[in-house]
>>> print(open('coords_27.txt').read())   # compact mmCIF, C-alpha atoms and all ligand atoms
# COMPACT_ATOMS: atom_id res chain seq x y z
CA MET A 721 -36.62 64.78 126.96
CA SER A 722 -37.52 68.34 126.10
CA PHE A 723 -39.65 69.86 123.45
CA ASP A 724 -40.03 73.12 121.67
CA ALA A 725 -43.12 75.17 122.47
CA SER A 726 -43.26 76.30 118.87
CA GLU A 727 -44.15 72.71 117.94
CA GLN A 728 -47.38 73.22 119.82
CA SER A 729 -50.24 74.84 118.02
CA GLN A 730 -51.51 78.10 119.51
CA ILE A 731 -53.79 77.22 122.39
CA PRO A 732 -57.33 77.58 121.15
CA GLU A 733 -59.91 79.56 123.06
CA THR A 734 -61.81 76.65 124.54
CA GLY A 735 -64.77 78.46 126.00
CA ASN A 736 -64.19 76.53 129.23
CA LYS A 737 -65.91 78.01 132.20
CA PRO A 738 -63.60 80.09 134.37
CA PRO A 739 -62.11 78.34 137.38
CA ILE A 740 -63.39 78.95 140.89
CA VAL A 741 -61.01 81.41 142.55
CA ALA A 742 -60.43 80.73 146.24
CA VAL A 743 -58.38 82.90 148.56
CA SER A 744 -59.01 81.15 151.87
CA ILE A 745 -57.99 77.69 153.07
CA ASP A 746 -61.57 76.88 154.09
CA ASP A 747 -62.89 77.73 150.63
CA VAL A 748 -60.33 75.46 148.95
CA ARG A 749 -61.09 72.60 151.33
CA GLY A 750 -64.83 73.12 150.75
CA ALA A 751 -64.49 73.17 146.95
CA VAL A 752 -62.31 70.04 146.86
CA ALA A 753 -64.62 68.22 149.30
CA SER A 754 -67.68 69.05 147.22
CA ALA A 755 -65.91 67.90 144.02
CA ARG A 756 -65.05 64.63 145.75
CA SER A 757 -68.45 64.12 147.37
CA GLY A 758 -70.03 60.89 146.24
CA ALA A 759 -67.51 60.30 143.45
CA ALA A 760 -64.16 58.52 143.27
CA ILE A 761 -62.34 61.29 141.44
CA GLN A 762 -58.67 62.08 140.89
CA VAL A 763 -57.65 65.51 142.11
CA GLY A 764 -54.62 67.02 140.39
CA PHE A 765 -52.54 69.89 141.74
CA VAL A 766 -50.17 72.27 139.94
CA PRO A 767 -48.27 74.64 142.25
CA THR A 768 -47.10 77.87 140.57
CA MET A 769 -46.03 81.41 141.29
CA GLY A 770 -48.21 82.69 138.44
CA SER A 771 -47.30 84.83 135.42
CA PHE A 772 -48.05 81.83 133.25
CA HIS A 773 -46.10 80.78 130.20
CA GLU A 774 -46.21 77.65 128.09
CA GLY A 775 -44.22 75.70 130.72
CA HIS A 776 -46.94 76.25 133.32
CA LEU A 777 -49.67 75.53 130.79
CA SER A 778 -48.09 72.21 129.83
CA LEU A 779 -48.34 71.12 133.48
CA MET A 780 -52.00 72.15 133.61
CA ARG A 781 -52.76 70.29 130.40
CA SER A 782 -51.15 67.13 131.76
CA ALA A 783 -53.19 67.50 134.95
CA SER A 784 -56.42 68.11 133.01
CA SER A 785 -55.82 65.05 130.85
CA GLU A 786 -55.27 62.75 133.85
CA CYS A 787 -57.47 64.20 136.57
CA ASP A 788 -61.14 64.95 137.10
CA PHE A 789 -60.59 68.08 139.16
CA VAL A 790 -57.54 70.32 138.73
CA VAL A 791 -56.33 72.80 141.32
CA VAL A 792 -53.66 75.39 140.48
CA SER A 793 -52.08 77.54 143.15
CA VAL A 794 -50.87 81.03 142.28
CA PHE A 795 -48.70 82.18 145.14
CA VAL A 796 -45.42 84.06 145.13
CA ASN A 797 -44.10 82.35 148.21
CA PRO A 798 -42.17 84.90 150.29
CA ILE A 799 -40.27 82.33 152.35
CA GLN A 800 -38.49 80.85 149.35
CA PHE A 801 -36.92 84.21 148.42
CA GLY A 802 -33.71 85.32 150.09
CA ALA A 803 -32.83 88.84 151.15
CA GLY A 804 -32.05 90.93 148.06
CA GLU A 805 -33.83 88.49 145.71
CA ASP A 806 -36.71 89.48 143.44
CA PHE A 807 -39.78 88.83 145.62
CA ASP A 808 -41.14 92.39 145.19
CA SER A 809 -40.47 92.64 141.47
CA TYR A 810 -41.50 89.06 140.60
CA PRO A 811 -43.89 89.30 137.58
CA ARG A 812 -47.58 89.09 138.49
CA ASP A 813 -50.52 89.04 136.05
CA PHE A 814 -53.46 87.44 137.80
CA ASP A 815 -56.24 88.29 135.30
CA GLN A 816 -54.29 86.82 132.41
CA ASP A 817 -53.43 83.76 134.54
CA ILE A 818 -57.12 83.10 135.19
CA ARG A 819 -57.93 83.32 131.48
CA LEU A 820 -55.11 80.92 130.60
CA ALA A 821 -56.05 78.52 133.42
CA ALA A 822 -59.64 78.47 132.12
CA ASP A 823 -58.35 77.56 128.65
CA GLN A 824 -56.50 74.55 130.14
CA GLY A 825 -59.61 73.29 131.91
CA VAL A 826 -58.47 74.20 135.43
CA ASP A 827 -61.30 73.91 137.96
CA LEU A 828 -59.96 75.85 140.93
CA VAL A 829 -57.30 78.51 141.39
CA PHE A 830 -56.04 78.98 144.92
CA ALA A 831 -54.49 82.43 145.29
CA PRO A 832 -53.94 83.07 148.98
CA ARG A 833 -52.41 86.21 150.42
CA SER A 834 -49.17 85.74 152.35
CA ALA A 835 -50.99 86.28 155.65
CA VAL A 836 -53.29 83.33 154.88
CA MET A 837 -50.35 80.98 154.39
CA TYR A 838 -48.14 82.51 157.07
CA PRO A 839 -50.26 84.17 159.75
CA PRO A 840 -48.43 85.73 162.69
CA GLY A 841 -46.71 83.02 164.71
CA ASN A 842 -46.45 80.56 161.80
CA GLU A 843 -42.87 79.37 162.11
CA THR A 844 -42.68 75.63 161.43
CA ARG A 845 -40.35 74.97 158.48
CA ILE A 846 -39.23 71.80 156.71
CA ASP A 847 -35.53 70.98 156.67
CA VAL A 848 -34.89 69.16 153.39
CA GLY A 849 -31.65 67.52 154.53
CA SER A 850 -28.53 66.84 152.48
CA ILE A 851 -30.15 67.64 149.14
CA ASP A 852 -29.84 71.29 150.16
CA ASN A 853 -26.05 71.05 149.78
CA ALA A 854 -26.27 70.54 146.00
CA LEU A 855 -26.74 72.87 143.01
CA CYS A 856 -28.85 75.96 143.89
CA GLY A 857 -29.15 75.05 147.59
CA LYS A 858 -25.70 76.42 148.38
CA ASN A 859 -26.25 79.78 146.70
CA ARG A 860 -29.85 80.22 147.84
CA PRO A 861 -29.84 79.34 151.55
CA GLY A 862 -33.36 78.65 152.83
CA HIS A 863 -34.84 78.47 149.32
CA PHE A 864 -35.66 74.76 149.33
CA GLN A 865 -36.83 74.90 152.93
CA GLY A 866 -39.33 77.54 151.75
CA VAL A 867 -40.36 75.45 148.74
CA ALA A 868 -40.78 72.25 150.78
CA THR A 869 -42.76 74.06 153.45
CA VAL A 870 -45.22 75.72 151.08
CA VAL A 871 -45.71 72.55 149.01
CA ALA A 872 -46.34 70.50 152.17
CA LYS A 873 -48.90 73.08 153.28
CA PHE A 874 -50.61 72.95 149.86
CA PHE A 875 -50.63 69.14 149.96
CA ASN A 876 -52.32 69.29 153.37
CA ILE A 877 -54.85 71.90 152.28
CA ILE A 878 -55.75 70.40 148.89
CA GLY A 879 -55.11 66.67 149.42
CA PRO A 880 -54.27 65.96 145.75
CA ASP A 881 -53.92 62.47 144.30
CA LEU A 882 -51.40 63.71 141.72
CA ALA A 883 -49.12 66.75 141.76
CA TYR A 884 -47.35 68.17 138.70
CA PHE A 885 -43.90 69.75 138.59
CA GLY A 886 -41.61 70.88 135.77
CA GLN A 887 -38.23 69.27 135.08
CA LYS A 888 -37.04 72.85 134.53
CA ASP A 889 -36.54 73.00 138.32
CA ALA A 890 -34.72 69.69 138.64
CA GLN A 891 -33.56 70.14 142.22
CA GLN A 892 -37.06 71.17 143.25
CA VAL A 893 -38.34 67.90 141.76
CA ALA A 894 -35.80 65.94 143.81
CA VAL A 895 -36.74 67.88 146.95
CA ILE A 896 -40.48 67.28 146.43
CA ARG A 897 -40.04 63.58 145.69
CA LYS A 898 -38.06 63.22 148.90
CA LEU A 899 -40.57 65.31 150.84
CA ALA A 900 -43.44 63.07 149.70
CA LEU A 901 -41.44 59.94 150.56
CA ASP A 902 -39.97 61.07 153.88
CA LEU A 903 -43.19 62.63 155.22
CA ASP A 904 -45.56 59.95 153.82
CA PHE A 905 -47.66 62.19 151.63
CA ASP A 906 -50.09 60.02 149.70
CA VAL A 907 -49.57 61.82 146.41
CA GLU A 908 -48.07 60.78 143.09
CA ILE A 909 -45.47 63.18 141.77
CA ARG A 910 -45.59 63.75 138.02
CA VAL A 911 -42.69 65.47 136.26
CA CYS A 912 -43.25 67.25 132.94
CA PRO A 913 -40.54 68.01 130.33
CA ILE A 914 -38.87 71.40 129.97
CA VAL A 915 -40.65 73.68 127.52
CA ARG A 916 -38.17 75.76 125.53
CA GLU A 917 -38.21 78.73 123.21
CA LYS A 918 -37.23 78.06 119.59
CA ASP A 919 -33.56 78.86 120.28
CA GLY A 920 -33.42 76.52 123.27
CA LEU A 921 -33.88 78.99 126.13
CA ALA A 922 -35.97 77.30 128.83
CA MET A 923 -39.18 79.23 129.44
CA SER A 924 -39.30 81.04 132.76
CA SER A 925 -41.34 83.85 134.26
CA ARG A 926 -38.00 85.55 134.94
CA ASN A 927 -37.21 85.71 131.20
CA SER A 928 -39.40 88.83 131.16
CA TYR A 929 -36.59 90.63 133.03
CA LEU A 930 -34.18 90.11 130.12
CA THR A 931 -33.30 93.07 127.92
CA THR A 932 -33.02 92.42 124.18
CA GLU A 933 -29.27 92.00 124.53
CA ASP A 934 -29.65 89.75 127.61
CA ARG A 935 -32.16 87.63 125.72
CA GLU A 936 -29.62 86.91 122.97
CA GLN A 937 -26.95 86.08 125.54
CA ALA A 938 -29.31 83.88 127.56
CA THR A 939 -29.01 81.03 125.06
CA ALA A 940 -25.57 80.45 126.65
CA LEU A 941 -27.12 78.05 129.18
CA TYR A 942 -28.71 75.82 126.56
CA ARG A 943 -25.56 76.01 124.46
CA ALA A 944 -23.52 74.83 127.44
CA LEU A 945 -25.88 71.89 127.94
CA THR A 946 -25.72 71.10 124.25
CA SER A 947 -21.93 71.15 124.32
CA ALA A 948 -22.09 68.63 127.20
CA ARG A 949 -24.51 66.47 125.24
CA GLU A 950 -22.20 66.45 122.23
CA ALA A 951 -19.18 65.57 124.37
CA VAL A 952 -21.03 62.67 126.00
CA ALA A 953 -22.24 61.49 122.59
CA ARG A 954 -18.57 61.49 121.46
CA GLY A 955 -17.78 59.16 124.36
CA GLU A 956 -16.41 61.62 126.93
CA THR A 957 -17.01 60.29 130.44
CA SER A 958 -15.00 62.71 132.58
CA ALA A 959 -17.38 65.04 134.43
CA LYS A 960 -14.47 67.39 135.11
CA LYS A 961 -13.73 67.85 131.41
CA ILE A 962 -17.38 68.35 130.52
CA LYS A 963 -17.88 70.89 133.33
CA ARG A 964 -14.85 72.80 132.05
CA LEU A 965 -16.31 72.73 128.55
CA MET A 966 -19.67 74.06 129.77
CA LYS A 967 -17.97 76.83 131.73
CA ARG A 968 -15.98 77.80 128.65
CA THR A 969 -19.12 77.80 126.48
CA MET A 970 -20.91 80.11 128.91
CA GLY A 971 -17.80 82.29 129.10
CA GLU A 972 -18.10 83.03 125.37
CA HIS A 973 -21.09 85.24 126.22
CA PHE A 974 -20.01 88.57 127.67
CA LYS A 975 -23.19 89.26 129.68
CA VAL A 976 -23.23 85.83 131.27
CA GLU A 977 -21.84 85.55 134.76
CA TYR A 978 -21.18 81.85 135.35
CA GLU A 979 -22.57 80.45 138.62
CA TYR A 980 -22.18 76.70 138.20
CA ALA A 981 -22.08 73.77 135.78
CA ARG A 982 -22.54 70.45 137.58
CA ILE A 983 -23.08 66.81 136.79
CA VAL A 984 -25.07 64.97 139.43
CA ASP A 985 -27.11 61.89 140.21
CA PRO A 986 -30.70 62.76 139.13
CA MET A 987 -32.25 61.50 142.38
CA THR A 988 -29.81 62.46 145.11
CA MET A 989 -28.12 65.39 143.37
CA ALA A 990 -24.78 63.98 144.57
CA PRO A 991 -21.84 64.88 142.27
CA VAL A 992 -20.82 62.33 139.63
CA ASP A 993 -17.15 62.09 138.54
CA ILE A 994 -17.35 59.49 135.78
CA ILE A 995 -20.42 59.35 133.56
CA GLU A 996 -21.45 55.72 133.37
CA GLY A 997 -25.25 55.91 133.57
CA LYS A 998 -27.97 58.51 133.46
CA VAL A 999 -26.86 61.85 134.89
CA LEU A 1000 -28.36 65.28 135.31
CA VAL A 1001 -26.32 68.13 133.87
CA ALA A 1002 -27.32 71.43 135.45
CA VAL A 1003 -26.22 75.01 134.91
CA ALA A 1004 -26.91 78.37 136.53
CA ALA A 1005 -25.81 81.83 135.48
CA GLN A 1006 -26.62 85.46 135.92
CA VAL A 1007 -27.51 87.13 132.61
CA GLY A 1008 -27.54 90.87 133.13
CA LYS A 1009 -29.65 91.21 136.28
CA THR A 1010 -31.46 87.90 135.83
CA ARG A 1011 -30.50 84.57 137.39
CA LEU A 1012 -31.30 81.65 135.08
CA ILE A 1013 -31.08 77.88 135.50
CA ASP A 1014 -31.38 74.99 133.07
CA ASN A 1015 -30.66 71.27 132.93
CA MET A 1016 -30.65 68.17 130.77
CA PHE A 1017 -30.51 64.42 131.36
CA LEU A 1018 -27.62 62.70 129.63
CA MET A 1019 -26.68 59.08 129.24
CA PRO A 1020 -23.57 57.63 127.56
CA GLY A 1021 -24.38 56.51 124.04
CA GLU A 1022 -27.62 58.47 123.82
CA GLU A 1023 -28.29 61.84 122.22
CA GLU A 1024 -30.37 63.01 125.17
CA CYS A 1025 -32.43 60.96 127.54
CA GLY A 1026 -35.81 61.62 129.04
CA GLU A 1027 -37.30 60.95 132.43
P1 LIG A 1101 -42.94 78.66 138.97
O1 LIG A 1101 -44.18 79.45 138.74
O2 LIG A 1101 -41.74 79.23 138.27
O3 LIG A 1101 -42.69 78.33 140.41
O4 LIG A 1101 -43.17 77.26 138.24
C1 LIG A 1101 -44.28 76.46 138.52
C2 LIG A 1101 -44.06 75.10 137.93
O5 LIG A 1101 -43.88 75.23 136.53
C3 LIG A 1101 -42.81 74.42 138.48
O6 LIG A 1101 -43.07 73.04 138.69
C4 LIG A 1101 -41.82 74.62 137.37
O7 LIG A 1101 -40.79 73.64 137.33
C5 LIG A 1101 -42.70 74.54 136.16
N1 LIG A 1101 -42.04 75.19 135.02
C6 LIG A 1101 -41.52 76.45 134.99
N2 LIG A 1101 -40.92 76.68 133.79
C7 LIG A 1101 -41.08 75.55 133.07
C8 LIG A 1101 -40.67 75.15 131.76
N3 LIG A 1101 -40.00 75.95 130.95
N4 LIG A 1101 -41.01 73.90 131.34
C9 LIG A 1101 -41.68 73.06 132.16
N5 LIG A 1101 -42.09 73.38 133.40
C10 LIG A 1101 -41.79 74.60 133.85
>>> encode(input="coords_27.txt", output="structure tokens")
Amino acid sequence: MSFDASEQSQIPETGNKPPIVAVSIDDVRGAVASARSGAAIQVGFVPTMGSFHEGHLSLMRSASSECDFVVVSVFVNPIQFGAGEDFDSYPRDFDQDIRLAADQGVDLVFAPRSAVMYPPGNETRIDVGSIDNALCGKNRPGHFQGVATVVAKFFNIIGPDLAYFGQKDAQQVAVIRKLALDLDFDVEIRVCPIVREKDGLAMSSRNSYLTTEDREQATALYRALTSAREAVARGETSAKKIKRLMKRTMGEHFKVEYEYARIVDPMTMAPVDIIEGKVLVAVAAQVGKTRLIDNMFLMPGEEECGE
């Protein structure tokens, strides 16, 4: 299921008190321990790279509604960026992020420097296994190892009861679920629906890179997913035919450089040939200088299916 951000009313100024801002691991541990002291509370955690948009805020609101103490990390994680990717230019707006986090009732923002997370000599990394061979894993070697490693470190530092992730990054969700299962993290993983712009473009911090022309062309990804949805609703079950259709739809946009259109099992990310049950349809493309991803769950006989 996905929903349109425009359906949401503008977020009111709540007058919530600003979150505690911690930059050291000890300070985070201290703040969480004091929140927990003497009370059986639920601690919620929302990992982010900052530069908040409505997608991030929806995760924080879910956490605030379910948890007594909400921790948000703001950390542009260097080890999940490959050489030549946008680590240096990644959008950062910390003051605005703190204001928005306060409005969502966030209690603590953890914003460590890279040297706090990865001091000299820090070299242990998590191999995520076969899931790395699917979707973005192939084109971004080391990306999911970097994601799994930083999330595992945050889980160890914060010790959340619940952790919130966006369906926007479907493979990341699968990686984190597997990480929690395989490494016995005692945390419940919550997945929140994709928040979209009015024209269907999935919100992303990277959308700020798009020029006006790119922005128009960027709807190609959602259009491709929609064309897949319509084909499945018509009874098409051949993944090959639907992938071809999605590629063709993206190809109608001159600034869109197709990367992939895949149909996979939502849990394992293994390719599906014949659509018989719930599948994840995922696309990636370069629009101008910006790499974008998007996805949708589909199920034969249903318009679109949720989690
Ligand atoms: P990021 O800051 O891009 O690493 O994203 C932090 C979290 O927000 C991740 O769990 C993302 O999947 C989630 N997220 C990003 N964009 C969206 C969106 N449009 N809708 C829902 N969740 C999102």
>>> axis_aligned_box(input="coords_27.txt", around="ligand LIG 1101 (chain A)", padding_each_side="4 Å", output="lines of an AutoDock Vina configuration file")
center_x = -42.1
center_y = 76.2
center_z = 135.7
size_x = 12.3
size_y = 14.4
size_z = 17.5
>>> closest_residue(input="coords_27.txt", among="A:Ala953, A:Val976, A:Met1016, A:Ala753", to="ligand LIG 1101 (chain A)", atoms="only C-alpha atoms and all ligand atoms")
A:Met1016
>>> closest_residue(input="coords_27.txt", among="A:Cys787, A:Ala900, A:Met769, A:Glu917", to="Asn876 in chain A", atoms="all atoms listed in the file")
A:Ala900
>>> atom_distance(input="coords_27.txt", atom1="CA of Leu901 in chain A", atom2="CA of Pro880 in chain A")
15.0 Å
>>> closest_residue(input="coords_27.txt", among="A:Val911, A:Ala821, A:Ala872, A:Ala759", to="Ala890 in chain A", atoms="all atoms listed in the file")
A:Val911
>>> closest_residue(input="coords_27.txt", among="A:Val999, A:Leu1018, A:Ile914, A:Val870", to="ligand LIG 1101 (chain A)", atoms="all atoms listed in the file")
A:Ile914
>>> closest_residue(input="coords_27.txt", among="A:Phe830, A:Tyr942, A:Tyr884, A:Tyr929", to="ligand LIG 1101 (chain A)", atoms="all atoms listed in the file")
A:Tyr884
>>> residues_near_ligand(input="coords_27.txt", ligand="ligand LIG 1101 (chain A)", cutoff="8 Å", atoms="all atoms listed in the file", output="NGL selection string")
:A and (766-776 or 778-779 or 794 or 796 or 884-890 or 892-893 or 911-916 or 922-925)
>>> atom_distance(input="coords_27.txt", atom1="CA of Ser782 in chain A", atom2="CA of Ser928 in chain A")
24.7 Å
>>> atom_distance(input="coords_27.txt", atom1="CA of Ala981 in chain A", atom2="CA of Arg1011 in chain A")
13.8 Å
>>> residues_around(input="coords_27.txt", residues="Ser958 in chain A", least_positions_apart="6", cutoff="8 Å", atoms="only C-alpha atoms", output="PDB file with C-alpha atoms, keeping the file's coordinate frame")
ATOM      1  CA  ASP A 993     -17.150  62.090 138.540  1.00  0.00           C
ATOM      2  CA  ILE A 994     -17.350  59.490 135.780  1.00  0.00           C
ATOM      3  CA  ILE A 995     -20.420  59.350 133.560  1.00  0.00           C
TER       4      ILE A 995
END
>>> closest_residue(input="coords_27.txt", among="A:Lys898, A:Arg943, A:Arg812, A:Arg910", to="Phe765 in chain A", atoms="only C-alpha atoms")
A:Arg910
>>> residues_near_point(input="coords_27.txt", point="(-34.9, 68.1, 145.1)", cutoff="8 Å", atoms="only C-alpha atoms", output="short mmCIF file (atom, residue, chain, number, x, y, z; two decimals) with C-alpha atoms, keeping the file's coordinate frame")
data_model
loop_
_atom_site.label_atom_id
_atom_site.label_comp_id
_atom_site.auth_asym_id
_atom_site.auth_seq_id
_atom_site.Cartn_x
_atom_site.Cartn_y
_atom_site.Cartn_z
CA ILE A 851 -30.15 67.64 149.14
CA ASP A 852 -29.84 71.29 150.16
CA PHE A 864 -35.66 74.76 149.33
CA ALA A 890 -34.72 69.69 138.64
CA GLN A 891 -33.56 70.14 142.22
CA GLN A 892 -37.06 71.17 143.25
CA VAL A 893 -38.34 67.90 141.76
CA ALA A 894 -35.80 65.94 143.81
CA VAL A 895 -36.74 67.88 146.95
CA ILE A 896 -40.48 67.28 146.43
CA ARG A 897 -40.04 63.58 145.69
CA LYS A 898 -38.06 63.22 148.90
CA MET A 987 -32.25 61.50 142.38
CA THR A 988 -29.81 62.46 145.11
CA MET A 989 -28.12 65.39 143.37
#
>>> residues_near_point(input="coords_27.txt", point="(-20.1, 93.3, 128.4)", cutoff="12 Å", atoms="all atoms listed in the file", output="list in words")
Glu933, Asp934, Gln937, Gly971, Glu972, His973, Phe974, Lys975, Val976, Glu977, Val1007 and Gly1008 of chain A
>>> closest_atom_pairs(input="coords_27.txt", of="range 873-955 of chain A", to="range 833-836 of chain A", cutoff="12 Å", atoms="only C-alpha atoms", output="tab-separated table")
residue	atom	partner	partner_atom	distance
A:Lys873	CA	A:Val836	CA	11.3
A:Phe874	CA	A:Val836	CA	11.8
A:Ile877	CA	A:Val836	CA	11.8
>>> residues_around(input="coords_27.txt", residues="Leu882 in chain A", least_positions_apart="5", cutoff="10 Å", atoms="only C-alpha atoms", output="number ranges by chain")
A: 762-766, 783, 786-787, 790, 875, 906-910
